[in-house]
Amino acid sequence: MSAPAVFFPRTVAEAVELLDAYDGSAKLVAGGTALTLMLQQRLVSPEALVSLRDVPGLGGTSVEGGVVRLGALVTHTQAARHALVRAHLPVAATAFSLVGNAQVRAAATVGGVLAEADYASDPPAALLALDAEVLAVGPGGERRMPIAEFLVGFYQTTLAPEEIVTRVDVPALPPTAGSAYLKHTSRSHEDRPCVGVAAVVRSDGDGTCRDLRVAVGAACDRPLRLVDVEAGAVGSPLDDAAVEAVATAYAERVDPVADVRGSAWYRREMVQVWVRRAVHAARRAAEHTTNDQREGAVL
Amino acid sequence: MSDDLSQVKLPDDDGRVPVRLDVNGRARTLRVHPTQTLLDALREQLRLHGARSGCGVGMCGACTVIIDEQAVSGCLTMAALCDGRQVRTVEGLEARDGTLSPVPEAFLRHRAFQCSYCTSGFVLALEALLAADPEPDEAAVREAFSGHICRCGSYSRIMAAAREVAGIGTALDVAAVETRERA
């Protein structure tokens, strides 16, 4: 293997130009936590490393028209702690805060975790439950993809080799929504998830479900959402039986992977358990926000 | 494509690229393989052995270094991509006259280790935390210590040392406890 050249482009356009010139044989580097490992294990042998570190404008977090914009170079630590993320996307803040450990979160980025599309990760499920959109820039300009279309399989995205994820746009949750991200680890506290579940619940004052979103991560090749199951729960009370029916549907329809964190059988069992718990947790959170509002609390 | 060579590092005949680093306040220039980890570069080229190789996958914390005030895993960082950065290792916490900074001093006082393989990682994690937040609470300390494994199980002493330096509550006086146990 010949040694790769190293580039520090100063603009997104320059970075795209480099990726295009190397025609699929260059690797883009953001935080580098995943790529460094793959290089050490010789899983990849790129002809060039293109670092994004000197490209300005990719590290910001802002809110615009009810949509939180996360720059591709925002680190997991920054995403987990940012006031806008905590206020409007608490389920994402939780998911980012639970990745690996403090050193990994200090380096790993929002754009990196999506572009890598590692199934055993926390943020993708949360961002899927939040209906996030991925913005990517390539030689033909910018395009925007719902995350459900962006993540297509095991470490697979619809990103072209010469495209760069520049931003993730995430619609803010309504203040009356409750949400939760629950991570189940099977080996140690700081492990990757065996199963991670993000849930969003919004109900009327009388308990009628108005919105339910459930995304199961780490259990299969990409985060799983069953929009027909979600829609089926809307319009009636989200009582314990209804929650159980949702959990059962996810457990039945997931196509679980088997790895060191659990067999396929075990994962299916855990999907049932953790979907139930996550929806319960989101429902409780929704009840609190509704009560707070009724009592006129200033949010 | 820009012709500015500071933005491009082509490998030489040995497959190496130049890297300029500020290591513990001293400017260093080295030549590394582009995919070489910072941990390897520090240990093999600069002979700084304070950062240790443990798990090799960013889970144990033994290889922790501080880059531009952020504690990160040296095994998950490529040296070539650190060009122009400030790197601090545990060796940088010792002054020329041998005086230690307050964190390693507290670890020694509390004997917060047995084999000490993890110690530099814990020490640097706390150094980075205190630089960012001089008055952290215990939750912040525990978060900073996530991803740091002490396989000897000296956690209670490590936390006692950390609480003392961070000024959290009353640090457990291990010596007093031992005296009481002996009595």
# chains A, B, ... in the order shown; residues from 1 in each chain; ligands from 1
>>> interface_residues(of="chain A", to="chain B", cutoff="6 Å", atoms="only C-alpha atoms", output="PyMOL selection string")
chain A and resi 3+5-8+33+36+101-103
>>> write_last_selection(atoms="C-alpha atoms", output="compact mmCIF listing (two decimals), in the first residue's frame")
# COMPACT_ATOMS: atom_id res chain seq x y z
CA ALA A 3 1.14 6.13 1.54
CA ALA A 5 -1.34 12.14 0.36
CA VAL A 6 -2.77 14.50 2.98
CA PHE A 7 -4.85 17.54 2.10
CA PHE A 8 -6.18 20.42 4.16
CA THR A 33 -12.36 8.48 15.30
CA THR A 36 -8.33 6.04 12.19
CA ASN A 101 -16.94 8.16 26.04
CA ALA A 102 -15.86 11.76 26.61
CA GLN A 103 -12.73 11.56 24.40
>>> residues_around(residues="Gly262 (chain A)", least_positions_apart="4", cutoff="8 Å", atoms="only C-alpha atoms", output="VMD selection string")
chain A and resid 186 194 258 266 to 267
>>> residues_around(residues="Thr208 (chain A)", least_positions_apart="5", cutoff="8 Å", atoms="only C-alpha atoms", output="MDAnalysis selection string")
chainID A and resid 203 234:238
>>> residues_around(residues="Arg253 (chain A)", least_positions_apart="3", cutoff="10 Å", atoms="only C-alpha atoms", output="ChimeraX atom specification")
/A:224,226,248-250,256,268
>>> residues_around(residues="Pro18 (chain B)", least_positions_apart="5", cutoff="7 Å", atoms="only C-alpha atoms", output="PyMOL selection string")
chain B and resi 29-32
>>> select_by_dssp(residues="region 176-292 of chain A", states="helix (DSSP H, G or I)", output="PyMOL selection string")
chain A and resi 227-233+240-253+264-292
>>> write_last_selection(atoms="N, CA and C atoms", output="short mmCIF file (atom, residue, chain, number, x, y, z; two decimals), in the first residue's frame")
data_model
loop_
_atom_site.label_atom_id
_atom_site.label_comp_id
_atom_site.auth_asym_id
_atom_site.auth_seq_id
_atom_site.Cartn_x
_atom_site.Cartn_y
_atom_site.Cartn_z
N VAL A 227 -43.65 3.47 9.74
CA VAL A 227 -44.57 4.62 9.75
C VAL A 227 -46.03 4.16 9.79
N ASP A 228 -46.32 2.97 9.25
CA ASP A 228 -47.71 2.49 9.33
C ASP A 228 -48.09 2.14 10.76
N VAL A 229 -47.15 1.59 11.50
CA VAL A 229 -47.42 1.27 12.91
C VAL A 229 -47.60 2.56 13.71
N GLU A 230 -46.72 3.53 13.43
CA GLU A 230 -46.84 4.83 14.11
C GLU A 230 -48.21 5.45 13.83
N ALA A 231 -48.58 5.46 12.54
CA ALA A 231 -49.85 6.10 12.16
C ALA A 231 -51.03 5.37 12.78
N GLY A 232 -50.89 4.04 12.94
CA GLY A 232 -51.98 3.26 13.52
C GLY A 232 -52.27 3.62 14.96
N ALA A 233 -51.28 4.18 15.65
CA ALA A 233 -51.48 4.53 17.07
C ALA A 233 -52.10 5.91 17.22
N ASP A 240 -51.33 1.39 27.82
CA ASP A 240 -50.31 0.35 27.90
C ASP A 240 -50.48 -0.70 26.80
N ALA A 241 -51.74 -1.04 26.51
CA ALA A 241 -51.99 -2.06 25.47
C ALA A 241 -51.54 -1.54 24.10
N ALA A 242 -51.81 -0.26 23.86
CA ALA A 242 -51.42 0.32 22.56
C ALA A 242 -49.89 0.35 22.45
N VAL A 243 -49.21 0.70 23.53
CA VAL A 243 -47.75 0.73 23.53
C VAL A 243 -47.21 -0.67 23.26
N GLU A 244 -47.81 -1.65 23.91
CA GLU A 244 -47.35 -3.03 23.73
C GLU A 244 -47.54 -3.48 22.28
N ALA A 245 -48.63 -3.07 21.67
CA ALA A 245 -48.88 -3.44 20.27
C ALA A 245 -47.81 -2.84 19.36
N VAL A 246 -47.41 -1.61 19.64
CA VAL A 246 -46.34 -0.98 18.87
C VAL A 246 -45.03 -1.75 19.05
N ALA A 247 -44.72 -2.09 20.31
CA ALA A 247 -43.47 -2.81 20.60
C ALA A 247 -43.47 -4.16 19.89
N THR A 248 -44.60 -4.84 19.91
CA THR A 248 -44.71 -6.15 19.27
C THR A 248 -44.50 -6.03 17.76
N ALA A 249 -45.09 -4.99 17.16
CA ALA A 249 -44.95 -4.81 15.72
C ALA A 249 -43.48 -4.60 15.34
N TYR A 250 -42.77 -3.78 16.11
CA TYR A 250 -41.35 -3.55 15.81
C TYR A 250 -40.55 -4.84 15.98
N ALA A 251 -40.86 -5.59 17.05
CA ALA A 251 -40.11 -6.84 17.30
C ALA A 251 -40.37 -7.85 16.19
N GLU A 252 -41.61 -7.89 15.69
CA GLU A 252 -41.94 -8.85 14.65
C GLU A 252 -41.30 -8.49 13.32
N ARG A 253 -41.23 -7.17 13.04
CA ARG A 253 -40.82 -6.78 11.69
C ARG A 253 -39.35 -6.39 11.56
N ALA A 264 -29.43 -12.64 17.00
CA ALA A 264 -30.62 -12.10 16.35
C ALA A 264 -31.85 -12.34 17.24
N TRP A 265 -31.94 -13.53 17.85
CA TRP A 265 -33.07 -13.83 18.74
C TRP A 265 -33.12 -12.84 19.90
N TYR A 266 -31.94 -12.64 20.52
CA TYR A 266 -31.88 -11.74 21.68
C TYR A 266 -32.26 -10.32 21.30
N ARG A 267 -31.75 -9.89 20.15
CA ARG A 267 -32.06 -8.52 19.71
C ARG A 267 -33.55 -8.33 19.50
N ARG A 268 -34.21 -9.32 18.91
CA ARG A 268 -35.65 -9.19 18.70
C ARG A 268 -36.38 -9.04 20.05
N GLU A 269 -35.96 -9.85 21.03
CA GLU A 269 -36.55 -9.74 22.37
C GLU A 269 -36.31 -8.33 22.93
N MET A 270 -35.08 -7.86 22.75
CA MET A 270 -34.72 -6.55 23.32
C MET A 270 -35.43 -5.40 22.59
N VAL A 271 -35.71 -5.58 21.31
CA VAL A 271 -36.46 -4.54 20.58
C VAL A 271 -37.84 -4.39 21.22
N GLN A 272 -38.48 -5.51 21.53
CA GLN A 272 -39.79 -5.45 22.17
C GLN A 272 -39.70 -4.68 23.50
N VAL A 273 -38.70 -5.06 24.31
CA VAL A 273 -38.55 -4.46 25.65
C VAL A 273 -38.26 -2.96 25.55
N TRP A 274 -37.30 -2.61 24.67
CA TRP A 274 -36.82 -1.22 24.68
C TRP A 274 -37.72 -0.28 23.90
N VAL A 275 -38.47 -0.80 22.91
CA VAL A 275 -39.48 0.05 22.28
C VAL A 275 -40.55 0.38 23.32
N ARG A 276 -40.99 -0.66 24.04
CA ARG A 276 -41.99 -0.42 25.09
C ARG A 276 -41.50 0.65 26.08
N ARG A 277 -40.28 0.47 26.55
CA ARG A 277 -39.77 1.41 27.58
C ARG A 277 -39.60 2.83 27.01
N ALA A 278 -39.12 2.90 25.77
CA ALA A 278 -38.88 4.23 25.19
C ALA A 278 -40.19 4.97 24.96
N VAL A 279 -41.22 4.25 24.46
CA VAL A 279 -42.50 4.92 24.23
C VAL A 279 -43.12 5.32 25.57
N HIS A 280 -43.02 4.45 26.57
CA HIS A 280 -43.51 4.83 27.91
C HIS A 280 -42.80 6.09 28.40
N ALA A 281 -41.48 6.12 28.23
CA ALA A 281 -40.70 7.28 28.71
C ALA A 281 -41.11 8.55 27.96
N ALA A 282 -41.30 8.44 26.65
CA ALA A 282 -41.69 9.61 25.86
C ALA A 282 -43.10 10.06 26.25
N ARG A 283 -43.98 9.08 26.52
CA ARG A 283 -45.35 9.40 26.94
C ARG A 283 -45.34 10.15 28.28
N ARG A 284 -44.53 9.66 29.20
CA ARG A 284 -44.40 10.34 30.51
C ARG A 284 -43.89 11.77 30.30
N ALA A 285 -42.88 11.90 29.45
CA ALA A 285 -42.31 13.24 29.20
C ALA A 285 -43.38 14.15 28.59
N ALA A 286 -44.21 13.60 27.69
CA ALA A 286 -45.27 14.40 27.07
C ALA A 286 -46.30 14.84 28.11
N GLU A 287 -46.63 13.90 29.03
CA GLU A 287 -47.59 14.25 30.09
C GLU A 287 -47.06 15.40 30.93
N HIS A 288 -45.76 15.37 31.22
CA HIS A 288 -45.16 16.45 32.02
C HIS A 288 -45.25 17.79 31.31
N THR A 289 -44.92 17.79 30.00
CA THR A 289 -44.94 19.07 29.29
C THR A 289 -46.37 19.59 29.22
N THR A 290 -47.34 18.66 28.99
CA THR A 290 -48.75 19.08 28.92
C THR A 290 -49.18 19.65 30.25
N ASN A 291 -48.83 18.97 31.35
CA ASN A 291 -49.20 19.47 32.68
C ASN A 291 -48.58 20.83 32.93
N ASP A 292 -47.29 20.95 32.56
CA ASP A 292 -46.59 22.22 32.78
C ASP A 292 -47.33 23.34 32.07
#
>>> atom_distance(atom1="CA of Thr176 (chain A)", atom2="CA of Gly71 (chain A)")
26.3 Å
>>> residues_around(residues="Pro161 (chain A)", least_positions_apart="6", cutoff="8 Å", atoms="only C-alpha atoms", output="PyMOL selection string")
chain A and resi 19-20+23-24
>>> write_last_selection(atoms="N, CA and C atoms", output="compact mmCIF listing (two decimals), in the first residue's frame")
# COMPACT_ATOMS: atom_id res chain seq x y z
N LEU A 19 -11.98 15.34 -3.83
CA LEU A 19 -12.66 14.04 -3.83
C LEU A 19 -12.98 13.61 -5.26
N ASP A 20 -13.40 14.57 -6.05
CA ASP A 20 -13.74 14.29 -7.44
C ASP A 20 -12.49 13.84 -8.20
N ASP A 23 -11.56 10.40 -7.47
CA ASP A 23 -12.52 9.46 -8.05
C ASP A 23 -12.81 8.26 -7.15
N GLY A 24 -13.16 8.54 -5.91
CA GLY A 24 -13.55 7.45 -5.02
C GLY A 24 -12.42 6.83 -4.22
>>> atom_distance(atom1="CA of His88 (chain A)", atom2="CA of Met145 (chain A)")
20.9 Å
